[in-house]
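Enquirer: Contents of final.csv (CSV, C-alpha atoms):
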chain,number,residue,atom,x,y,z
A,17,MET,CA,48.5,2.9,46.5
A,18,LYS,CA,46.7,0.3,48.5
A,19,THR,CA,45.3,-1.4,45.4
A,20,THR,CA,48.8,-1.7,43.9
A,21,ALA,CA,50.1,-3.3,47.1
A,22,THR,CA,47.2,-5.8,47.1
A,23,LYS,CA,47.7,-6.6,43.5
A,24,GLU,CA,51.3,-7.2,44.0
A,25,LEU,CA,50.6,-9.5,46.9
A,26,VAL,CA,48.1,-11.5,44.9
A,27,GLU,CA,50.7,-11.9,42.1
A,28,THR,CA,53.4,-13.1,44.4
A,29,ASN,CA,51.0,-15.5,45.9
A,30,THR,CA,50.0,-16.9,42.6
A,31,ASP,CA,53.6,-17.6,41.7
A,32,PHE,CA,54.1,-19.2,45.1
A,33,GLU,CA,51.2,-21.5,44.4
A,34,VAL,CA,52.4,-22.4,41.0
A,35,ARG,CA,55.6,-23.7,42.5
A,36,SER,CA,54.3,-25.1,45.8
A,37,LEU,CA,50.9,-26.7,45.1
A,38,ASP,CA,52.0,-28.2,41.8
A,39,THR,CA,54.1,-31.3,41.6
A,40,LEU,CA,56.1,-29.7,38.9
A,41,CYS,CA,58.9,-27.3,38.4
A,42,ILE,CA,59.3,-26.2,41.9
A,43,ASN,CA,62.9,-25.9,41.2
A,44,GLU,CA,63.3,-22.8,39.2
A,45,SER,CA,66.4,-22.8,37.1
A,46,ARG,CA,68.3,-19.6,37.0
A,47,LEU,CA,69.7,-20.6,33.6
A,48,GLU,CA,68.1,-19.4,30.4
A,49,HIS,CA,68.0,-22.0,27.7
A,50,LYS,CA,67.0,-21.9,24.1
A,51,TRP,CA,63.9,-23.9,23.2
A,52,TYR,CA,65.8,-26.8,21.7
A,53,HIS,CA,67.2,-27.7,25.1
A,54,ASN,CA,63.7,-29.1,25.7
A,55,ILE,CA,64.2,-31.8,23.0
A,56,LYS,CA,66.0,-33.9,25.6
A,57,TYR,CA,62.7,-34.1,27.5
A,58,LEU,CA,61.0,-35.2,24.3
A,59,VAL,CA,63.4,-38.0,24.1
A,60,VAL,CA,62.9,-39.0,27.8
A,61,GLY,CA,59.2,-38.8,27.2
A,62,MET,CA,59.5,-41.1,24.2
A,63,ALA,CA,61.4,-43.7,26.2
A,64,PHE,CA,58.9,-43.4,29.0
A,65,GLY,CA,56.0,-43.8,26.6
A,66,ILE,CA,57.5,-47.0,25.1
A,67,VAL,CA,57.8,-48.5,28.6
A,68,LEU,CA,54.3,-47.5,29.6
A,69,VAL,CA,52.9,-49.3,26.5
A,70,LYS,CA,55.1,-52.4,26.8
A,71,ALA,CA,54.3,-52.7,30.5
A,72,GLU,CA,50.6,-52.5,29.5
A,73,VAL,CA,50.0,-50.0,32.3
A,74,ILE,CA,48.1,-48.0,29.7
A,75,SER,CA,45.6,-50.9,29.4
A,76,TRP,CA,42.1,-50.4,30.7
A,77,PHE,CA,42.1,-54.2,31.4
A,78,ARG,CA,45.2,-54.0,33.6
A,79,ILE,CA,43.7,-51.2,35.6
A,80,GLN,CA,40.5,-53.2,36.1
A,81,GLU,CA,42.5,-56.1,37.3
A,82,MET,CA,44.4,-53.9,39.7
A,83,PHE,CA,41.2,-52.5,41.3
A,84,ARG,CA,39.8,-56.0,41.6
A,85,LEU,CA,43.0,-57.4,43.1
A,86,GLN,CA,43.2,-60.0,40.3
A,87,SER,CA,46.8,-59.3,39.3
A,88,PHE,CA,50.0,-58.3,41.0
A,89,HIS,CA,51.4,-56.7,37.8
A,90,MET,CA,50.4,-53.0,38.4
A,91,TYR,CA,51.4,-53.2,42.1
A,92,GLY,CA,54.8,-54.6,40.9
A,93,VAL,CA,55.3,-51.9,38.4
A,94,ILE,CA,54.4,-49.0,40.7
A,95,GLY,CA,56.1,-50.5,43.7
A,96,SER,CA,59.4,-51.2,41.9
A,97,ALA,CA,59.3,-47.8,40.3
A,98,VAL,CA,59.0,-46.2,43.7
A,99,VAL,CA,61.9,-48.3,45.1
A,100,VAL,CA,64.2,-47.4,42.2
A,101,GLY,CA,63.1,-43.7,42.6
A,102,MET,CA,63.8,-43.7,46.3
A,103,LEU,CA,67.2,-45.3,45.9
A,104,SER,CA,68.2,-42.9,43.2
A,105,ILE,CA,67.1,-39.9,45.2
A,106,TRP,CA,69.0,-41.2,48.2
A,107,LEU,CA,72.1,-41.5,46.0
A,108,ILE,CA,71.6,-38.0,44.5
A,109,LYS,CA,71.4,-36.6,48.1
A,110,LYS,CA,74.3,-38.6,49.4
A,111,PHE,CA,76.7,-37.7,46.6
A,112,LYS,CA,75.2,-34.2,46.2
A,113,LEU,CA,74.9,-34.8,42.5
A,114,LYS,CA,74.4,-31.8,40.2
A,115,THR,CA,72.5,-31.3,36.9
A,116,ILE,CA,74.3,-31.5,33.6
A,117,TYR,CA,74.4,-27.7,33.8
A,118,GLY,CA,76.2,-27.8,37.1
A,119,GLU,CA,73.3,-26.6,39.2
A,120,PRO,CA,72.6,-28.3,42.6
A,121,ILE,CA,69.5,-30.6,42.6
A,122,GLU,CA,66.9,-29.3,45.0
A,123,PHE,CA,63.9,-30.8,46.6
A,124,HIS,CA,60.9,-29.0,48.1
A,125,PRO,CA,58.5,-30.6,50.6
A,126,LYS,CA,54.8,-30.8,49.5
A,127,LYS,CA,52.3,-29.3,52.0
A,128,PHE,CA,49.3,-31.3,53.0
A,129,ASN,CA,45.9,-29.9,52.2
A,130,LYS,CA,42.4,-31.5,52.0
A,131,GLY,CA,42.6,-31.4,48.2
A,132,GLN,CA,44.9,-34.5,48.3
A,133,VAL,CA,41.9,-36.4,49.8
A,134,TYR,CA,39.0,-35.0,47.8
A,135,GLY,CA,40.9,-34.6,44.6
A,136,GLY,CA,42.6,-38.0,45.1
A,137,LEU,CA,39.3,-39.8,45.4
A,138,LEU,CA,37.8,-38.0,42.4
A,139,PHE,CA,40.9,-38.8,40.3
A,140,GLY,CA,40.6,-42.5,41.5
A,141,PHE,CA,37.1,-42.6,40.1
A,142,GLY,CA,38.3,-41.2,36.8
A,143,TRP,CA,41.2,-43.6,36.7
A,144,ALA,CA,39.0,-46.6,37.1
A,145,ILE,CA,36.5,-45.4,34.5
A,146,THR,CA,39.0,-44.4,31.8
A,147,GLY,CA,41.7,-46.9,32.7
A,148,ALA,CA,44.2,-44.1,32.4
A,149,CYS,CA,46.0,-41.5,34.3
A,150,PRO,CA,47.3,-38.5,32.4
A,151,GLY,CA,50.5,-40.2,31.1
A,152,PRO,CA,48.7,-43.2,29.7
A,153,LEU,CA,46.1,-40.9,28.1
A,154,TYR,CA,48.9,-39.4,25.9
A,155,ALA,CA,50.3,-42.9,25.3
A,156,GLN,CA,46.9,-44.4,24.3
A,157,ILE,CA,46.5,-41.6,21.7
A,158,GLY,CA,49.9,-42.4,20.3
A,159,THR,CA,49.1,-46.1,19.9
A,160,GLY,CA,46.2,-45.1,17.6
A,161,ALA,CA,43.2,-44.9,20.0
A,162,THR,CA,42.4,-41.5,18.5
A,163,VAL,CA,39.1,-41.2,20.3
A,164,ILE,CA,41.1,-40.8,23.6
A,165,ALA,CA,41.9,-37.3,22.4
A,166,VAL,CA,38.3,-36.5,23.4
A,167,THR,CA,39.1,-37.9,26.9
A,168,LEU,CA,42.2,-35.8,27.0
A,169,LEU,CA,40.4,-32.6,26.0
A,170,SER,CA,37.8,-33.4,28.7
A,171,ALA,CA,40.7,-33.8,31.2
A,172,ILE,CA,42.0,-30.4,30.2
A,173,ALA,CA,38.5,-29.0,30.7
A,174,GLY,CA,38.4,-30.6,34.1
A,175,THR,CA,41.6,-28.9,35.0
A,176,TRP,CA,40.3,-25.6,33.8
A,177,VAL,CA,37.1,-25.9,35.8
A,178,TYR,CA,39.2,-26.7,38.9
A,179,GLY,CA,41.2,-23.5,38.3
A,180,ARG,CA,37.9,-21.6,38.0
A,181,LEU,CA,36.3,-23.0,41.2
A,182,ARG,CA,39.5,-23.2,43.2
A,183,GLU,CA,38.8,-20.4,45.6
A,184,LYS,CA,35.4,-22.0,46.5
A,185,LEU,CA,36.6,-25.5,47.1
A,186,PRO,CA,37.8,-26.8,50.5
A,187,HIS,CA,41.6,-27.1,50.7
B,1,MET,CA,65.5,-59.6,19.9
B,2,LYS,CA,62.4,-58.1,18.4
B,3,GLU,CA,60.4,-61.2,19.4
B,4,ILE,CA,61.3,-60.6,23.0
B,5,LEU,CA,60.8,-56.9,22.9
B,6,SER,CA,57.3,-57.4,21.4
B,7,GLN,CA,56.1,-59.4,24.3
B,8,PRO,CA,54.6,-57.5,27.2
B,9,TRP,CA,57.4,-56.5,29.5
B,10,PRO,CA,57.3,-58.0,33.1
B,11,TRP,CA,56.8,-55.6,36.0
B,12,TYR,CA,60.4,-56.1,37.3
B,13,VAL,CA,61.7,-54.7,34.0
B,14,SER,CA,59.2,-51.9,33.3
B,15,GLY,CA,58.8,-50.7,36.9
B,16,PRO,CA,62.5,-50.0,37.5
B,17,LEU,CA,62.7,-48.3,34.0
B,18,ILE,CA,59.8,-46.0,35.0
B,19,GLY,CA,61.5,-45.3,38.3
B,20,LEU,CA,64.7,-44.2,36.5
B,21,THR,CA,62.7,-41.4,34.9
B,22,VAL,CA,62.9,-39.7,38.3
B,23,PRO,CA,66.7,-39.2,38.5
B,24,LEU,CA,67.0,-38.7,34.8
B,25,LEU,CA,64.7,-35.6,34.8
B,26,LEU,CA,66.5,-34.3,37.9
B,27,ILE,CA,69.9,-34.7,36.4
B,28,LEU,CA,68.9,-33.3,33.0
B,29,GLY,CA,67.6,-30.1,34.4
B,30,ASN,CA,66.2,-30.2,38.0
B,31,LYS,CA,62.8,-31.2,36.8
B,32,SER,CA,60.4,-33.0,39.2
B,33,PHE,CA,58.7,-35.9,37.5
B,34,GLY,CA,54.9,-35.4,37.0
B,35,ILE,CA,52.6,-35.3,34.0
B,36,SER,CA,49.2,-33.9,35.1
B,37,SER,CA,50.7,-30.4,35.2
B,38,SER,CA,50.9,-30.5,31.4
B,39,LEU,CA,47.1,-30.2,31.4
B,40,ARG,CA,47.4,-27.0,33.5
B,41,HIS,CA,50.0,-25.6,31.2
B,42,VAL,CA,47.7,-26.1,28.2
B,43,CYS,CA,45.0,-24.2,30.1
B,44,ALA,CA,47.4,-21.4,30.9
B,45,ALA,CA,48.6,-21.3,27.3
B,46,CYS,CA,45.2,-21.5,25.5
B,47,ALA,CA,42.5,-20.3,27.9
B,48,PRO,CA,43.8,-18.4,30.9
B,49,ALA,CA,40.6,-16.4,31.1
B,50,ASN,CA,41.9,-14.1,33.9
B,51,ILE,CA,41.8,-17.0,36.3
B,52,PRO,CA,44.7,-16.5,38.8
B,53,PHE,CA,45.5,-20.2,38.8
B,54,PHE,CA,46.4,-19.9,35.1
B,55,GLN,CA,48.3,-16.7,35.4
B,56,TYR,CA,51.9,-17.7,35.2
B,57,ASN,CA,54.7,-18.0,32.7
B,58,TRP,CA,53.8,-21.3,31.2
B,59,LYS,CA,56.6,-21.1,28.7
B,60,LYS,CA,59.0,-21.7,31.6
B,61,GLU,CA,57.3,-25.0,32.1
B,62,ALA,CA,57.4,-25.9,28.3
B,63,TRP,CA,59.7,-28.9,29.0
B,64,ASN,CA,56.6,-30.7,30.5
B,65,LEU,CA,54.8,-30.3,27.2
B,66,PHE,CA,57.8,-31.6,25.3
B,67,PHE,CA,57.8,-34.6,27.7
B,68,ALA,CA,54.0,-35.2,27.0
B,69,ALA,CA,54.5,-35.0,23.3
B,70,GLY,CA,57.3,-37.5,23.7
B,71,ILE,CA,54.9,-39.9,25.4
B,72,ILE,CA,52.6,-39.7,22.4
B,73,ALA,CA,55.5,-40.4,20.1
B,74,GLY,CA,56.6,-43.3,22.3
B,75,GLY,CA,53.1,-44.8,22.0
B,76,PHE,CA,53.2,-44.4,18.3
B,77,ILE,CA,56.6,-46.1,17.9
B,78,THR,CA,55.6,-49.0,20.1
B,79,ALA,CA,52.4,-49.6,18.2
B,80,ARG,CA,54.2,-49.4,14.9
B,81,PHE,CA,57.3,-51.5,15.7
B,82,LEU,CA,57.0,-53.3,19.0
B,83,ALA,CA,53.3,-54.2,19.1
B,84,ASN,CA,52.3,-57.4,20.9
B,85,PRO,CA,50.8,-59.6,18.2
B,86,ASN,CA,48.7,-61.5,20.7
B,87,PRO,CA,45.5,-60.3,22.4
B,88,VAL,CA,45.8,-58.9,25.9
B,89,ALA,CA,45.8,-61.7,28.5
B,90,VAL,CA,43.5,-60.9,31.4
B,91,HIS,CA,42.4,-62.7,34.5
B,92,PRO,CA,39.7,-65.3,33.6
B,93,GLN,CA,37.4,-63.9,36.3
B,94,LEU,CA,37.6,-60.4,34.8
B,95,ALA,CA,37.1,-61.8,31.3
B,96,ALA,CA,33.9,-63.6,32.5
B,97,GLU,CA,32.6,-60.4,34.2
B,98,LEU,CA,33.3,-58.2,31.1
B,99,ALA,CA,31.7,-60.8,28.8
B,100,GLY,CA,28.5,-60.1,30.7
B,101,TYR,CA,28.7,-56.5,29.5
B,102,GLY,CA,29.5,-57.6,25.9
B,103,ILE,CA,33.2,-56.8,26.1
B,104,THR,CA,35.0,-59.7,24.4
B,105,ASN,CA,37.6,-57.9,22.1
B,106,TYR,CA,41.1,-58.1,23.6
B,107,ASN,CA,43.0,-57.0,20.5
B,108,GLY,CA,43.7,-53.5,21.8
B,109,LEU,CA,45.0,-52.2,25.1
B,110,VAL,CA,41.9,-50.1,25.2
B,111,PRO,CA,38.6,-52.1,24.8
B,112,GLN,CA,37.3,-51.2,21.4
B,113,GLU,CA,33.6,-51.8,22.4
B,114,LEU,CA,33.8,-49.0,25.0
B,115,PHE,CA,36.1,-46.5,23.5
B,116,ASN,CA,35.3,-45.6,19.9
B,117,TRP,CA,34.0,-42.6,18.0
B,118,GLN,CA,30.5,-44.0,17.5
B,119,SER,CA,29.9,-44.6,21.2
B,120,LEU,CA,30.5,-40.9,21.9
B,121,LEU,CA,26.9,-40.7,20.8
B,122,SER,CA,25.7,-43.1,23.6
B,123,VAL,CA,25.1,-42.3,27.3
B,124,LYS,CA,27.7,-44.9,28.3
B,125,GLY,CA,30.3,-43.5,26.0
B,126,VAL,CA,29.8,-39.9,27.2
B,127,VAL,CA,29.9,-41.0,30.8
B,128,MET,CA,33.1,-43.0,30.3
B,129,MET,CA,35.1,-40.9,27.9
B,130,ILE,CA,33.9,-37.4,28.7
B,131,GLY,CA,32.9,-37.8,32.3
B,132,GLY,CA,35.9,-40.0,33.2
B,133,GLY,CA,38.3,-37.6,31.5
B,134,PHE,CA,36.8,-34.7,33.3
B,135,LEU,CA,37.3,-36.5,36.7
B,136,VAL,CA,41.0,-37.3,35.8
B,137,GLY,CA,41.7,-33.6,35.0
B,138,PHE,CA,39.7,-32.1,37.9
B,139,GLY,CA,40.9,-34.7,40.4
B,140,THR,CA,44.6,-34.6,39.6
B,141,ARG,CA,44.8,-30.9,39.8
B,142,TYR,CA,42.7,-30.7,43.0
B,143,ALA,CA,45.0,-33.4,44.5
B,144,GLY,CA,48.1,-31.5,43.2
B,145,GLY,CA,49.4,-34.4,41.1
B,146,CYS,CA,48.7,-37.8,39.6
B,147,THR,CA,50.3,-41.2,39.7
B,148,SER,CA,53.6,-39.9,38.5
B,149,GLY,CA,53.8,-36.7,40.6
B,150,HIS,CA,52.4,-38.1,43.8
B,151,ALA,CA,52.7,-41.9,43.8
B,152,ILE,CA,56.2,-42.1,42.1
B,153,MET,CA,57.9,-38.7,42.6
B,154,GLY,CA,56.2,-37.9,45.9
B,155,LEU,CA,56.8,-41.3,47.5
B,156,SER,CA,60.3,-41.5,46.2
B,157,THR,CA,61.1,-38.3,48.1
B,158,LEU,CA,59.3,-39.6,51.2
B,159,GLN,CA,56.5,-37.0,51.3
B,160,TRP,CA,53.6,-38.1,53.5
B,161,PRO,CA,51.0,-35.9,51.7
B,162,SER,CA,51.8,-37.9,48.6
B,163,LEU,CA,51.2,-41.1,50.5
B,164,VAL,CA,47.7,-39.7,51.6
B,165,ALA,CA,47.0,-38.8,47.9
B,166,THR,CA,48.1,-42.2,46.6
B,167,CYS,CA,45.9,-44.0,49.2
B,168,CYS,CA,43.0,-41.8,48.1
B,169,PHE,CA,43.7,-42.6,44.4
B,170,MET,CA,43.5,-46.3,45.2
B,171,ALA,CA,40.4,-45.9,47.4
B,172,GLY,CA,38.6,-44.0,44.7
B,173,GLY,CA,39.6,-46.6,42.1
B,174,PHE,CA,38.4,-49.5,44.3
B,175,ILE,CA,35.1,-47.8,44.9
B,176,MET,CA,34.5,-47.0,41.3
B,177,ALA,CA,35.6,-50.3,39.8
B,178,ASN,CA,33.7,-52.5,42.2
B,179,LEU,CA,30.7,-50.5,43.2
B,180,ILE,CA,29.8,-47.9,40.5
B,181,LEU,CA,31.4,-49.1,37.2
B,182,PRO,CA,29.1,-52.2,37.0
B,183,PHE,CA,26.1,-49.7,36.7
B,184,ILE,CA,27.9,-47.6,34.1
B,185,LEU,CA,28.9,-50.7,32.0
B,186,SER,CA,25.3,-51.9,32.0
B,187,LEU,CA,24.0,-48.5,30.6
Is it possible to express this structure as structure tokens?
Expert:
Amino acid sequence: MKTTATKELVETNTDFEVRSLDTLCINESRLEHKWYHNIKYLVVGMAFGIVLVKAEVISWFRIQEMFRLQSFHMYGVIGSAVVVGMLSIWLIKKFKLKTIYGEPIEFHPKKFNKGQVYGGLLFGFGWAITGACPGPLYAQIGTGATVIAVTLLSAIAGTWVYGRLREKLPH
Amino acid sequence: MKEILSQPWPWYVSGPLIGLTVPLLLILGNKSFGISSSLRHVCAACAPANIPFFQYNWKKEAWNLFFAAGIIAGGFITARFLANPNPVAVHPQLAAELAGYGITNYNGLVPQELFNWQSLLSVKGVVMMIGGGFLVGFGTRYAGGCTSGHAIMGLSTLQWPSLVATCCFMAGGFIMANLILPFILSL
């Protein structure tokens, strides 16, 4: 009896962590959609990928310039993206906009934990070495830099090792 | 038209377009912008190995994998139809520094002397491609997001933990690029 209760607790916790510690999908839709509804995200991803490449933010050289304060370009891209993001979220909240399926748009606060510091620094190291964060890794492969698939696989391995060691790491 | 589109896009065009991804994903289906989670979904789908962190219904998050696949397609389309015919223009100081490490080819957005299949057999190549990739995957998940999830989505929604994370991304990058990378490049 007791084991079942513990097991249940662990499972609930896992689900909570999926939603809360991740940046993604904290808004669980109550609607069930067929798989092809996801094609719209493929199209948005495509547009996003084109912008990433044309802005050259997937360029190793641009990242090196950013971390040497030799160019304003990357700061301009990220800064203006944040400003537009902030404005649009303010508008969504002000006019209580809904999704195309009529669901209210929800926001969930992120909780602070030490991982944002330790993990943030480690990711910063990786960003400066590879010249890419996860989005640009995909875009670089698309532009024909096939060897970056190895870097992507290594990033997946890194994520897996984090999941494996998670309980032992300070948070 | 194609002439103009083929040039590198200035920050005040591309930055706002990237920012618009945030409301677009929210309006299309209540999705929070973020890319590093796709790496976790791949782990959950392919090698969950009884690790609690990967025990969840990844199919519910499949949209994120479609989004990632779209980025690959976007990269392909740009390289095929909208590629910049000129070499990447970099700051002269950076060009001088990189020349010291034998990096002089600016034809690709990714330096071909560093990132190619042959160099996977060298220490430098392994450290940069495999080590660097590992740090990206481990670090983003430990931090709970990457440039998109924390710096863009998190800051847009005024979350202070995302500001902390973004500052740490930058601090890590500055330390690596200025203090450690010179040693790696001279390997």
Enquirer: Quick one: pull the distance between CA of Leu185 (chain B) and CA of Glu113 (chain B), Å, one decimal.
Expert: 10.7 Å
Enquirer: Compile the residues of chain A that lie within 6 Å of chain B, evaluated using only C-alpha atoms, and express the compilation as a PyMOL selection string.
Expert: chain A and resi 37-41+54+57-58+61-62+65-67+70-71+75-76+83+89+92-93+96-98+100-102+115-116+121+128+131-133+135-142+144-146+150+154-155+158-159+163+167+170-172+174-175+178-179
Enquirer: Separation of CA of Met90 (chain A) and CA of Glu3 (chain B), in Å?
Expert: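 A separation of 23.0 Å between them.
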Enquirer: State, in Å with one decimal place, the distance from CA of Ile74 (chain A) to CA of Ile157 (chain A).
Expert: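 Taking CA of Ile74 (chain A) and CA of Ile157 (chain A), their separation equals 10.4 Å.
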Enquirer: Please determine, counting all atoms listed in the file, which residue among B:Met1, B:Phe81, B:Val123, B:Pro182 has the shortest atom-to-atom distance to Glu97 (chain B).
Expert: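 Answer, going by the shortest atom-to-atom distance: B:Pro182.
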